[in-house]
file coords-v3.cif (mmCIF, C-alpha atoms (C1' of nucleotides))
data_entry
#
loop_
_atom_site.label_atom_id
_atom_site.label_comp_id
_atom_site.auth_asym_id
_atom_site.auth_seq_id
_atom_site.Cartn_x
_atom_site.Cartn_y
_atom_site.Cartn_z
CA MET A 171 -19.80 9.20 -11.00
CA LYS A 172 -16.31 7.72 -10.98
CA LEU A 173 -14.39 6.79 -7.83
CA ALA A 174 -10.86 5.44 -7.58
CA THR A 175 -8.30 4.15 -5.11
CA TRP A 176 -4.52 4.04 -5.44
CA ASN A 177 -1.68 3.10 -3.14
CA VAL A 178 0.90 5.60 -4.39
CA ASN A 179 3.82 4.41 -2.23
CA SER A 180 5.03 7.92 -1.35
CA LEU A 181 3.00 10.89 -2.55
CA ALA A 182 6.17 13.00 -2.56
CA VAL A 183 7.59 10.76 -5.28
CA ARG A 184 4.33 10.06 -7.11
CA LEU A 185 2.64 13.49 -7.14
CA PRO A 186 3.38 14.19 -10.82
CA GLN A 187 2.04 10.77 -11.78
CA LEU A 188 -1.04 11.32 -9.64
CA LEU A 189 -1.79 14.68 -11.26
CA ASP A 190 -1.33 13.16 -14.73
CA TRP A 191 -3.63 10.29 -13.84
CA LEU A 192 -6.31 12.58 -12.38
CA ALA A 193 -6.24 14.72 -15.52
CA ALA A 194 -6.57 11.66 -17.75
CA GLN A 195 -9.21 9.76 -15.76
CA GLN A 196 -11.19 12.62 -14.23
CA PRO A 197 -12.54 10.73 -11.23
CA ASP A 198 -15.00 12.47 -8.92
CA VAL A 199 -13.47 10.93 -5.82
CA MET A 200 -9.99 9.49 -5.29
CA VAL A 201 -8.59 7.87 -2.16
CA LEU A 202 -4.84 7.45 -1.68
CA GLN A 203 -2.79 5.19 0.56
CA GLU A 204 0.83 5.24 1.70
CA THR A 205 1.26 8.97 1.23
CA LYS A 206 4.15 8.75 3.75
CA LEU A 207 3.85 12.46 4.53
CA THR A 208 3.29 14.37 7.72
CA ASP A 209 0.22 16.60 7.46
CA ASP A 210 2.30 19.78 7.13
CA ARG A 211 3.93 18.39 3.97
CA PHE A 212 0.73 17.36 2.15
CA PRO A 213 0.78 18.92 -1.36
CA GLN A 214 -2.58 20.62 -0.97
CA PRO A 215 -1.68 23.65 -3.15
CA GLU A 216 -0.77 21.49 -6.18
CA ILE A 217 -3.86 19.30 -5.77
CA ASN A 218 -6.12 22.29 -5.23
CA THR A 219 -4.71 24.02 -8.31
CA ALA A 220 -5.59 20.91 -10.31
CA GLY A 221 -9.21 21.38 -9.20
CA TRP A 222 -9.65 19.00 -6.28
CA HIS A 223 -10.72 19.41 -2.70
CA SER A 224 -8.62 17.29 -0.39
CA VAL A 225 -8.53 16.01 3.14
CA TRP A 226 -5.58 14.06 4.49
CA PHE A 227 -4.21 12.21 7.48
CA GLY A 228 -0.55 11.24 7.49
CA GLN A 229 2.58 10.53 9.42
CA ARG A 230 6.31 10.31 8.85
CA THR A 231 7.81 7.44 6.78
CA TYR A 232 4.87 5.01 6.83
CA ASN A 233 1.15 4.84 6.09
CA GLY A 234 -0.82 8.03 5.47
CA VAL A 235 -4.11 8.40 3.59
CA ALA A 236 -5.95 11.13 1.70
CA LEU A 237 -9.27 11.74 -0.04
CA LEU A 238 -9.55 13.98 -3.09
CA SER A 239 -12.92 15.06 -4.47
CA ARG A 240 -14.54 17.40 -6.96
CA SER A 241 -17.21 18.36 -4.44
CA GLU A 242 -16.59 19.52 -0.91
CA PRO A 243 -16.18 16.68 1.61
CA ALA A 244 -18.28 16.69 4.80
CA ASP A 245 -18.25 14.78 8.09
CA VAL A 246 -14.58 13.81 7.77
CA ILE A 247 -13.33 11.06 10.08
CA ARG A 248 -9.69 10.11 10.59
CA ASN A 249 -8.92 6.54 11.72
CA ILE A 250 -11.41 4.21 13.38
CA PRO A 251 -13.30 5.97 16.17
CA GLY A 252 -12.64 4.36 19.53
CA PHE A 253 -9.69 2.32 18.23
CA ASP A 254 -6.51 3.75 19.64
CA ASP A 255 -4.05 3.64 16.76
CA ALA A 256 -0.65 5.28 16.32
CA GLN A 257 -0.82 4.61 12.56
CA ALA A 258 -2.65 6.82 10.03
CA ARG A 259 -4.73 4.37 8.00
CA VAL A 260 -8.29 5.59 7.48
CA ILE A 261 -10.02 8.67 6.14
CA ALA A 262 -13.77 8.89 5.57
CA ALA A 263 -15.99 11.62 4.18
CA THR A 264 -19.44 12.27 2.79
CA LEU A 265 -19.60 13.45 -0.84
CA GLY A 266 -23.13 14.36 -1.80
CA ASP A 267 -25.23 11.29 -0.99
CA LEU A 268 -22.24 8.93 -0.83
CA ARG A 269 -20.23 7.92 2.19
CA VAL A 270 -16.65 7.01 1.21
CA ILE A 271 -14.16 5.25 3.46
CA GLY A 272 -10.57 5.16 2.22
CA ALA A 273 -8.38 2.68 4.08
CA TYR A 274 -4.85 1.34 4.16
CA PHE A 275 -5.20 -2.01 5.88
CA PRO A 276 -2.19 -3.24 7.89
CA ASN A 277 0.24 -5.47 6.03
CA GLY A 278 0.52 -8.03 8.83
CA GLN A 279 4.06 -9.12 7.88
CA ALA A 280 3.67 -12.82 8.77
CA PRO A 281 1.07 -15.03 10.47
CA GLY A 282 1.83 -15.29 14.18
CA SER A 283 3.76 -12.01 14.33
CA ASP A 284 2.86 -8.99 16.46
CA LYS A 285 1.99 -7.16 13.25
CA PHE A 286 -0.41 -9.94 12.29
CA ALA A 287 -2.12 -9.64 15.69
CA TYR A 288 -2.42 -5.89 15.11
CA LYS A 289 -3.93 -6.55 11.67
CA MET A 290 -6.55 -8.84 13.23
CA ALA A 291 -7.42 -6.32 15.98
CA TRP A 292 -7.58 -3.52 13.41
CA LEU A 293 -9.91 -5.60 11.21
CA ASP A 294 -12.19 -6.37 14.18
CA ALA A 295 -12.43 -2.66 14.96
CA LEU A 296 -12.96 -1.76 11.29
CA GLU A 297 -15.84 -4.22 10.95
CA ALA A 298 -17.63 -2.90 14.03
CA TRP A 299 -17.23 0.68 12.86
CA VAL A 300 -18.22 0.01 9.23
CA ALA A 301 -21.36 -1.77 10.46
CA ASP A 302 -22.18 1.41 12.36
CA GLU A 303 -21.38 3.64 9.36
CA LEU A 304 -23.63 1.50 7.16
CA ARG A 305 -26.57 2.04 9.51
CA ARG A 306 -26.07 5.80 9.24
CA HIS A 307 -25.07 5.84 5.55
CA PRO A 308 -26.66 3.07 3.45
CA ARG A 309 -24.96 4.43 0.31
CA LEU A 310 -21.38 3.59 1.25
CA LEU A 311 -18.10 2.54 -0.38
CA LEU A 312 -15.13 1.01 1.41
CA MET A 313 -12.10 1.30 -0.83
CA GLY A 314 -8.35 1.06 -0.53
CA ASP A 315 -5.39 -1.24 -0.09
CA PHE A 316 -6.86 -4.16 1.87
CA ASN A 317 -3.65 -6.20 1.91
CA ILE A 318 -5.88 -9.26 1.50
CA ALA A 319 -6.18 -11.45 -1.61
CA PRO A 320 -9.78 -12.64 -1.13
CA GLU A 321 -9.57 -15.87 -3.15
CA ASP A 322 -7.03 -18.08 -4.89
CA ARG A 323 -7.98 -16.54 -8.24
CA ASP A 324 -6.60 -13.26 -6.86
CA VAL A 325 -3.12 -14.78 -6.52
CA HIS A 326 -0.69 -15.49 -9.36
CA ASP A 327 0.69 -18.59 -7.63
CA PRO A 328 -1.84 -19.81 -5.05
CA VAL A 329 0.29 -22.83 -4.13
CA ALA A 330 3.36 -20.75 -3.30
CA TRP A 331 1.23 -18.19 -1.44
CA ALA A 332 -0.92 -20.70 0.48
CA GLY A 333 -1.03 -19.64 4.13
CA GLN A 334 1.28 -16.68 3.47
CA ILE A 335 0.50 -13.11 4.43
CA HIS A 336 -2.44 -11.69 2.41
CA CYS A 337 -3.72 -15.22 1.76
CA THR A 338 -4.32 -16.74 5.21
CA ASP A 339 -7.69 -18.17 6.17
CA GLU A 340 -7.95 -15.58 8.96
CA GLU A 341 -7.49 -12.63 6.58
CA ARG A 342 -9.89 -14.09 4.04
CA ALA A 343 -12.47 -14.68 6.78
CA HIS A 344 -12.20 -10.98 7.65
CA PHE A 345 -12.75 -10.04 4.02
CA ARG A 346 -15.90 -12.19 3.97
CA ALA A 347 -16.99 -10.65 7.28
CA LEU A 348 -16.86 -7.22 5.67
CA CYS A 349 -19.03 -8.53 2.81
CA THR A 350 -21.46 -10.03 5.32
CA LEU A 351 -22.06 -6.53 6.68
CA GLY A 352 -23.76 -5.76 3.37
CA LEU A 353 -20.87 -4.96 1.05
CA VAL A 354 -19.93 -6.50 -2.27
CA ASP A 355 -16.63 -6.64 -4.19
CA ALA A 356 -17.41 -4.36 -7.15
CA PHE A 357 -14.66 -5.94 -9.26
CA ARG A 358 -16.38 -9.33 -9.17
CA LEU A 359 -19.74 -7.95 -10.28
CA PHE A 360 -18.29 -8.05 -13.79
CA GLU A 361 -16.50 -10.51 -15.98
CA GLN A 362 -12.79 -9.72 -15.69
CA PRO A 363 -9.66 -10.82 -17.47
CA PRO A 364 -8.07 -13.82 -15.74
CA LYS A 365 -4.91 -13.01 -13.81
CA SER A 366 -6.06 -9.53 -12.86
CA TRP A 367 -3.79 -8.10 -10.16
CA SER A 368 -3.51 -4.72 -8.46
CA TRP A 369 -0.01 -5.19 -7.02
CA TRP A 370 3.22 -6.57 -8.44
CA ASP A 371 6.47 -6.92 -6.48
CA TYR A 372 9.19 -4.52 -7.57
CA ARG A 373 11.57 -7.46 -7.70
CA ASN A 374 11.93 -10.36 -10.12
CA LEU A 375 10.46 -8.56 -13.13
CA ALA A 376 7.13 -9.40 -11.50
CA PHE A 377 5.13 -6.87 -13.50
CA ARG A 378 6.60 -7.95 -16.83
CA ARG A 379 5.81 -11.55 -15.90
CA ASN A 380 2.38 -10.54 -14.55
CA GLN A 381 3.09 -12.14 -11.18
CA GLY A 382 0.95 -10.25 -8.71
CA LEU A 383 -1.91 -10.17 -6.24
CA ARG A 384 -5.31 -8.48 -6.23
CA ILE A 385 -5.24 -6.78 -2.85
CA ASP A 386 -6.71 -3.33 -3.66
CA HIS A 387 -10.48 -3.37 -3.56
CA ILE A 388 -13.67 -1.36 -3.83
CA LEU A 389 -16.55 -2.70 -1.78
CA VAL A 390 -19.97 -1.12 -2.34
CA SER A 391 -23.06 -1.35 -0.15
CA GLU A 392 -26.14 -3.26 -1.29
CA ALA A 393 -27.96 0.03 -1.80
CA LEU A 394 -25.34 1.06 -4.38
CA ARG A 395 -25.02 -2.28 -6.10
CA PRO A 396 -27.70 -1.60 -8.77
CA GLN A 397 -25.81 1.55 -9.76
CA VAL A 398 -22.42 -0.07 -10.32
CA ALA A 399 -21.76 0.22 -14.07
CA ALA A 400 -18.12 -0.84 -14.24
CA CYS A 401 -15.08 -1.70 -12.15
CA ARG A 402 -11.56 -2.16 -13.43
CA ILE A 403 -7.88 -2.05 -12.58
CA ASP A 404 -5.80 0.45 -14.57
CA LYS A 405 -2.43 -1.22 -15.12
CA LEU A 406 -1.06 1.68 -17.15
CA PRO A 407 0.55 3.64 -14.26
CA ARG A 408 2.51 0.51 -13.33
CA LYS A 409 4.33 0.96 -16.65
CA ASN A 410 5.54 4.44 -15.70
CA GLU A 411 9.14 5.19 -14.97
CA ARG A 412 9.46 4.93 -11.15
CA PRO A 413 5.98 3.44 -10.71
CA SER A 414 4.15 2.64 -7.52
CA ASP A 415 4.04 -1.10 -6.95
CA HIS A 416 0.22 -0.81 -6.94
CA ALA A 417 -2.19 0.05 -9.74
CA PRO A 418 -5.32 2.19 -9.30
CA VAL A 419 -8.77 0.59 -9.15
CA LEU A 420 -11.82 2.46 -10.47
CA VAL A 421 -15.56 2.07 -10.13
CA GLU A 422 -18.26 3.83 -12.11
CA LEU A 423 -21.72 4.49 -10.71
CA THR A 424 -24.70 5.47 -12.84
CA GLY A 425 -26.74 8.50 -11.92
"C1'" DA B 204 18.12 -18.47 -1.59
"C1'" DT B 205 16.83 -15.78 4.53
"C1'" DG B 206 17.72 -12.60 -2.61
"C1'" DA B 207 16.08 -9.79 -6.28
"C1'" DC B 208 13.32 -3.52 -5.75
"C1'" DT B 209 11.89 0.88 -3.84
"C1'" DC B 210 11.03 4.03 -0.23
"C1'" DC B 211 12.42 6.23 3.96
"C1'" DC B 212 15.62 7.85 7.43
"C1'" DA B 213 19.67 7.47 8.10
"C1'" DG B 214 24.38 8.64 7.34
"C1'" DT B 215 28.11 5.00 3.29
"C1'" DG B 216 23.47 0.47 6.23
"C1'" DG B 217 18.85 -1.24 7.65
"C1'" DG B 218 13.75 -1.70 8.30
"C1'" DA B 219 9.48 -2.22 5.98
"C1'" DG B 220 6.62 -3.18 2.42
"C1'" DA B 221 3.87 -7.33 0.15
#
call {"tool": "encode", "arguments": {"input": "coords-v3.cif", "output": "structure tokens"}}
result
Amino acid sequence: MKLATWNVNSLAVRLPQLLDWLAAQQPDVMVLQETKLTDDRFPQPEINTAGWHSVWFGQRTYNGVALLSRSEPADVIRNIPGFDDAQARVIAATLGDLRVIGAYFPNGQAPGSDKFAYKMAWLDALEAWVADELRRHPRLLLMGDFNIAPEDRDVHDPVAWAGQIHCTDEERAHFRALCTLGLVDAFRLFEQPPKSWSWWDYRNLAFRRNQGLRIDHILVSEALRPQVAACRIDKLPRKNERPSDHAPVLVELTG
DNA sequence: ATGACTCCCAGTGGGAGA
């Protein structure tokens, strides 16, 4: 069982790359962020023709999420129940005996800003809801673009980024709070190459210089932890012509 | 360097992302 997450930064632009990647990697479940498409423009025919079921939740210009799967998704939820949100950021579904939550966490812009306050409120609501989901579905994955670099080793220049967005104590405390619910960062269950990032700025030749952040994550519940066989970042799509600024992250489960 | 790039919606510039 292989699951993956990718912030595609516009599915309209990245659809050919996505279809290529799906064909090459053959995941069973794939969650997408920043589709930037209203629901009527979601490329369901192309994705269906390639052999995937899909559910989606989008809006114009910003945000937008989707979940693609080989098996039929059930019990689909869009956004955080009870949290009034104008932004399309969450899609959850049950695939067989797995509960999968795909999420595009708010960016937060800058500490102290209105957008940062929204990020904190959104994280509070997410934690309460995920706790609830975990009680109902012990076999759960929370995966997506977290917009949080959990530790200094997830940052190419921790001194320059200290206290900056993605690296504040408040954001990192929220990441740990999610783990305290009974989730673990699948990437850190394994030895990884140093300087492993999932995002590189488009500017400054950041990818060529490997100056990035690890902000895309796959958290797995304690019940799934014994089944996690591998977790890695696939940098290859970042080398495409017209790449997303993010790379996909994959996890493999045994059984 | 308050930049650099890319996307979107706009409409020949500007906001947002991270």
call {"tool": "resolve_selection", "arguments": {"input": "coords-v3.cif", "expression": "the PyMOL selection byres ((chain B) within 7 of (chain A))", "output": "PDB file with C-alpha atoms (C1' of nucleotides), keeping the file's coordinate frame"}}
result
ATOM      1  C1'  DA B 207      16.080  -9.790  -6.280  1.00  0.00           C
ATOM      2  C1'  DC B 208      13.320  -3.520  -5.750  1.00  0.00           C
ATOM      3  C1'  DC B 211      12.420   6.230   3.960  1.00  0.00           C
TER       4       DC B 211
END
call {"tool": "residues_around", "arguments": {"input": "coords-v3.cif", "residues": "segment 220-228 of chain A", "least_positions_apart": "2", "cutoff": "10 Å", "atoms": "all atoms listed in the file", "output": "PDB file with C-alpha atoms, keeping the file's coordinate frame"}}
result
ATOM      1  CA  LEU A 189      -1.790  14.680 -11.260  1.00  0.00           C
ATOM      2  CA  ASP A 190      -1.330  13.160 -14.730  1.00  0.00           C
ATOM      3  CA  LEU A 192      -6.310  12.580 -12.380  1.00  0.00           C
ATOM      4  CA  ALA A 193      -6.240  14.720 -15.520  1.00  0.00           C
ATOM      5  CA  ASP A 198     -15.000  12.470  -8.920  1.00  0.00           C
ATOM      6  CA  VAL A 199     -13.470  10.930  -5.820  1.00  0.00           C
ATOM      7  CA  MET A 200      -9.990   9.490  -5.290  1.00  0.00           C
ATOM      8  CA  VAL A 201      -8.590   7.870  -2.160  1.00  0.00           C
ATOM      9  CA  LEU A 202      -4.840   7.450  -1.680  1.00  0.00           C
ATOM     10  CA  GLN A 203      -2.790   5.190   0.560  1.00  0.00           C
ATOM     11  CA  GLU A 204       0.830   5.240   1.700  1.00  0.00           C
ATOM     12  CA  THR A 205       1.260   8.970   1.230  1.00  0.00           C
ATOM     13  CA  LYS A 206       4.150   8.750   3.750  1.00  0.00           C
ATOM     14  CA  LEU A 207       3.850  12.460   4.530  1.00  0.00           C
ATOM     15  CA  THR A 208       3.290  14.370   7.720  1.00  0.00           C
ATOM     16  CA  ASP A 209       0.220  16.600   7.460  1.00  0.00           C
ATOM     17  CA  ASP A 210       2.300  19.780   7.130  1.00  0.00           C
ATOM     18  CA  ARG A 211       3.930  18.390   3.970  1.00  0.00           C
ATOM     19  CA  PHE A 212       0.730  17.360   2.150  1.00  0.00           C
ATOM     20  CA  PRO A 213       0.780  18.920  -1.360  1.00  0.00           C
ATOM     21  CA  GLN A 214      -2.580  20.620  -0.970  1.00  0.00           C
ATOM     22  CA  PRO A 215      -1.680  23.650  -3.150  1.00  0.00           C
ATOM     23  CA  GLU A 216      -0.770  21.490  -6.180  1.00  0.00           C
ATOM     24  CA  ILE A 217      -3.860  19.300  -5.770  1.00  0.00           C
ATOM     25  CA  ASN A 218      -6.120  22.290  -5.230  1.00  0.00           C
ATOM     26  CA  ARG A 230       6.310  10.310   8.850  1.00  0.00           C
ATOM     27  CA  THR A 231       7.810   7.440   6.780  1.00  0.00           C
ATOM     28  CA  TYR A 232       4.870   5.010   6.830  1.00  0.00           C
ATOM     29  CA  ASN A 233       1.150   4.840   6.090  1.00  0.00           C
ATOM     30  CA  GLY A 234      -0.820   8.030   5.470  1.00  0.00           C
ATOM     31  CA  VAL A 235      -4.110   8.400   3.590  1.00  0.00           C
ATOM     32  CA  ALA A 236      -5.950  11.130   1.700  1.00  0.00           C
ATOM     33  CA  LEU A 237      -9.270  11.740  -0.040  1.00  0.00           C
ATOM     34  CA  LEU A 238      -9.550  13.980  -3.090  1.00  0.00           C
ATOM     35  CA  SER A 239     -12.920  15.060  -4.470  1.00  0.00           C
ATOM     36  CA  ARG A 240     -14.540  17.400  -6.960  1.00  0.00           C
ATOM     37  CA  SER A 241     -17.210  18.360  -4.440  1.00  0.00           C
ATOM     38  CA  GLU A 242     -16.590  19.520  -0.910  1.00  0.00           C
ATOM     39  CA  PRO A 243     -16.180  16.680   1.610  1.00  0.00           C
ATOM     40  CA  ALA A 244     -18.280  16.690   4.800  1.00  0.00           C
ATOM     41  CA  VAL A 246     -14.580  13.810   7.770  1.00  0.00           C
ATOM     42  CA  ILE A 247     -13.330  11.060  10.080  1.00  0.00           C
ATOM     43  CA  ARG A 248      -9.690  10.110  10.590  1.00  0.00           C
ATOM     44  CA  ASN A 249      -8.920   6.540  11.720  1.00  0.00           C
ATOM     45  CA  GLN A 257      -0.820   4.610  12.560  1.00  0.00           C
ATOM     46  CA  ALA A 258      -2.650   6.820  10.030  1.00  0.00           C
ATOM     47  CA  ARG A 259      -4.730   4.370   8.000  1.00  0.00           C
ATOM     48  CA  VAL A 260      -8.290   5.590   7.480  1.00  0.00           C
ATOM     49  CA  ILE A 261     -10.020   8.670   6.140  1.00  0.00           C
ATOM     50  CA  ALA A 262     -13.770   8.890   5.570  1.00  0.00           C
ATOM     51  CA  ALA A 263     -15.990  11.620   4.180  1.00  0.00           C
TER      52      ALA A 263
END
call {"tool": "axis_aligned_box", "arguments": {"input": "coords-v3.cif", "around": "chain B", "padding_each_side": "4 Å", "output": "lines of an AutoDock Vina configuration file"}}
result
center_x = 16.0
center_y = -4.9
center_z = 1.0
size_x = 32.2
size_y = 35.1
size_z = 22.6
call {"tool": "resolve_selection", "arguments": {"input": "coords-v3.cif", "expression": "the PyMOL selection byres ((chain A and resi 320) around 9)", "output": "VMD selection string"}}
result
chain A and resid 318 to 319 321 to 325 336 to 337 341 to 343 345 to 346 384 to 385
call {"tool": "atom_distance", "arguments": {"input": "coords-v3.cif", "atom1": "atom CA of Val354 of chain A", "atom2": "atom CA of Lys289 of chain A"}}
result
21.2 Å
call {"tool": "atom_distance", "arguments": {"input": "coords-v3.cif", "atom1": "atom CA of Leu311 of chain A", "atom2": "atom CA of Val270 of chain A"}}
result
5.0 Å
call {"tool": "atom_distance", "arguments": {"input": "coords-v3.cif", "atom1": "atom CA of Trp299 of chain A", "atom2": "atom CA of Val398 of chain A"}}
result
23.8 Å
call {"tool": "resolve_selection", "arguments": {"input": "coords-v3.cif", "expression": "the PyMOL selection byres ((chain A and resi 358) around 10)", "output": "ChimeraX atom specification"}}
result
/A:354-357,359-362,388-389,401-402
call {"tool": "residues_near_point", "arguments": {"input": "coords-v3.cif", "point": "(-20.9, 7.6, -14.4)", "cutoff": "10 Å", "atoms": "only C-alpha atoms (C1' of nucleotides)", "output": "VMD selection string"}}
result
chain A and resid 171 to 173 197 to 198 397 to 400 421 to 425
call {"tool": "residues_near_point", "arguments": {"input": "coords-v3.cif", "point": "(-5.8, -11.4, 11.6)", "cutoff": "8 Å", "atoms": "only C-alpha atoms (C1' of nucleotides)", "output": "list of chain:residue names"}}
result
A:Gly278, A:Pro281, A:Phe286, A:Ala287, A:Tyr288, A:Lys289, A:Met290, A:Ala291, A:Leu293, A:Glu340, A:Glu341, A:His344
call {"tool": "build_atoms", "arguments": {"input": "coords-v3.cif", "residues": "segment 369-393 of chain A", "atoms": "N, CA and C atoms", "output": "mmCIF file, in the frame of the given file"}}
result
data_model
loop_
_atom_site.group_PDB
_atom_site.id
_atom_site.type_symbol
_atom_site.label_atom_id
_atom_site.label_comp_id
_atom_site.auth_asym_id
_atom_site.auth_seq_id
_atom_site.Cartn_x
_atom_site.Cartn_y
_atom_site.Cartn_z
ATOM 1 N N TRP A 369 -1.363 -5.390 -7.558
ATOM 2 C CA TRP A 369 -0.010 -5.190 -7.020
ATOM 3 C C TRP A 369 0.942 -6.205 -7.616
ATOM 4 N N TRP A 370 2.138 -5.728 -7.935
ATOM 5 C CA TRP A 370 3.220 -6.570 -8.440
ATOM 6 C C TRP A 370 4.484 -6.189 -7.677
ATOM 7 N N ASP A 371 5.204 -7.173 -7.184
ATOM 8 C CA ASP A 371 6.470 -6.920 -6.480
ATOM 9 C C ASP A 371 7.410 -6.136 -7.396
ATOM 10 N N TYR A 372 8.171 -5.238 -6.798
ATOM 11 C CA TYR A 372 9.190 -4.520 -7.570
ATOM 12 C C TYR A 372 10.275 -5.464 -8.087
ATOM 13 N N ARG A 373 10.455 -6.559 -7.377
ATOM 14 C CA ARG A 373 11.570 -7.460 -7.700
ATOM 15 C C ARG A 373 11.159 -8.498 -8.742
ATOM 16 N N ASN A 374 12.154 -9.161 -9.286
ATOM 17 C CA ASN A 374 11.930 -10.360 -10.120
ATOM 18 C C ASN A 374 11.198 -10.099 -11.418
ATOM 19 N N LEU A 375 11.202 -8.856 -11.894
ATOM 20 C CA LEU A 375 10.460 -8.560 -13.130
ATOM 21 C C LEU A 375 9.002 -8.992 -12.989
ATOM 22 N N ALA A 376 8.463 -8.849 -11.784
ATOM 23 C CA ALA A 376 7.130 -9.400 -11.500
ATOM 24 C C ALA A 376 6.053 -8.777 -12.377
ATOM 25 N N PHE A 377 6.165 -7.494 -12.662
ATOM 26 C CA PHE A 377 5.130 -6.870 -13.500
ATOM 27 C C PHE A 377 5.216 -7.401 -14.938
ATOM 28 N N ARG A 378 6.434 -7.466 -15.461
ATOM 29 C CA ARG A 378 6.600 -7.950 -16.830
ATOM 30 C C ARG A 378 6.095 -9.387 -16.966
ATOM 31 N N ARG A 379 6.266 -10.149 -15.894
ATOM 32 C CA ARG A 379 5.810 -11.550 -15.900
ATOM 33 C C ARG A 379 4.357 -11.682 -15.444
ATOM 34 N N ASN A 380 3.743 -10.566 -15.119
ATOM 35 C CA ASN A 380 2.380 -10.540 -14.550
ATOM 36 C C ASN A 380 2.231 -11.490 -13.367
ATOM 37 N N GLN A 381 3.165 -11.375 -12.427
ATOM 38 C CA GLN A 381 3.090 -12.140 -11.180
ATOM 39 C C GLN A 381 2.701 -11.183 -10.070
ATOM 40 N N GLY A 382 1.426 -11.211 -9.709
ATOM 41 C CA GLY A 382 0.950 -10.250 -8.710
ATOM 42 C C GLY A 382 -0.167 -10.787 -7.854
ATOM 43 N N LEU A 383 -0.768 -9.864 -7.120
ATOM 44 C CA LEU A 383 -1.910 -10.170 -6.240
ATOM 45 C C LEU A 383 -2.978 -9.112 -6.466
ATOM 46 N N ARG A 384 -4.231 -9.486 -6.263
ATOM 47 C CA ARG A 384 -5.310 -8.480 -6.230
ATOM 48 C C ARG A 384 -5.634 -8.215 -4.768
ATOM 49 N N ILE A 385 -5.082 -7.119 -4.264
ATOM 50 C CA ILE A 385 -5.240 -6.780 -2.850
ATOM 51 C C ILE A 385 -5.839 -5.392 -2.645
ATOM 52 N N ASP A 386 -6.065 -4.659 -3.731
ATOM 53 C CA ASP A 386 -6.710 -3.330 -3.660
ATOM 54 C C ASP A 386 -8.148 -3.492 -4.131
ATOM 55 N N HIS A 387 -9.069 -3.035 -3.315
ATOM 56 C CA HIS A 387 -10.480 -3.370 -3.560
ATOM 57 C C HIS A 387 -11.408 -2.181 -3.380
ATOM 58 N N ILE A 388 -12.573 -2.300 -4.029
ATOM 59 C CA ILE A 388 -13.670 -1.360 -3.830
ATOM 60 C C ILE A 388 -14.899 -2.173 -3.461
ATOM 61 N N LEU A 389 -15.324 -2.041 -2.216
ATOM 62 C CA LEU A 389 -16.550 -2.700 -1.780
ATOM 63 C C LEU A 389 -17.670 -1.659 -1.769
ATOM 64 N N VAL A 390 -18.816 -2.044 -2.315
ATOM 65 C CA VAL A 390 -19.970 -1.120 -2.340
ATOM 66 C C VAL A 390 -21.112 -1.730 -1.550
ATOM 67 N N SER A 391 -21.921 -0.866 -0.941
ATOM 68 C CA SER A 391 -23.060 -1.350 -0.150
ATOM 69 C C SER A 391 -24.159 -1.862 -1.075
ATOM 70 N N GLU A 392 -25.031 -2.679 -0.514
ATOM 71 C CA GLU A 392 -26.140 -3.260 -1.290
ATOM 72 C C GLU A 392 -26.991 -2.173 -1.942
ATOM 73 N N ALA A 393 -27.145 -1.056 -1.254
ATOM 74 C CA ALA A 393 -27.960 0.030 -1.800
ATOM 75 C C ALA A 393 -27.351 0.597 -3.086
#
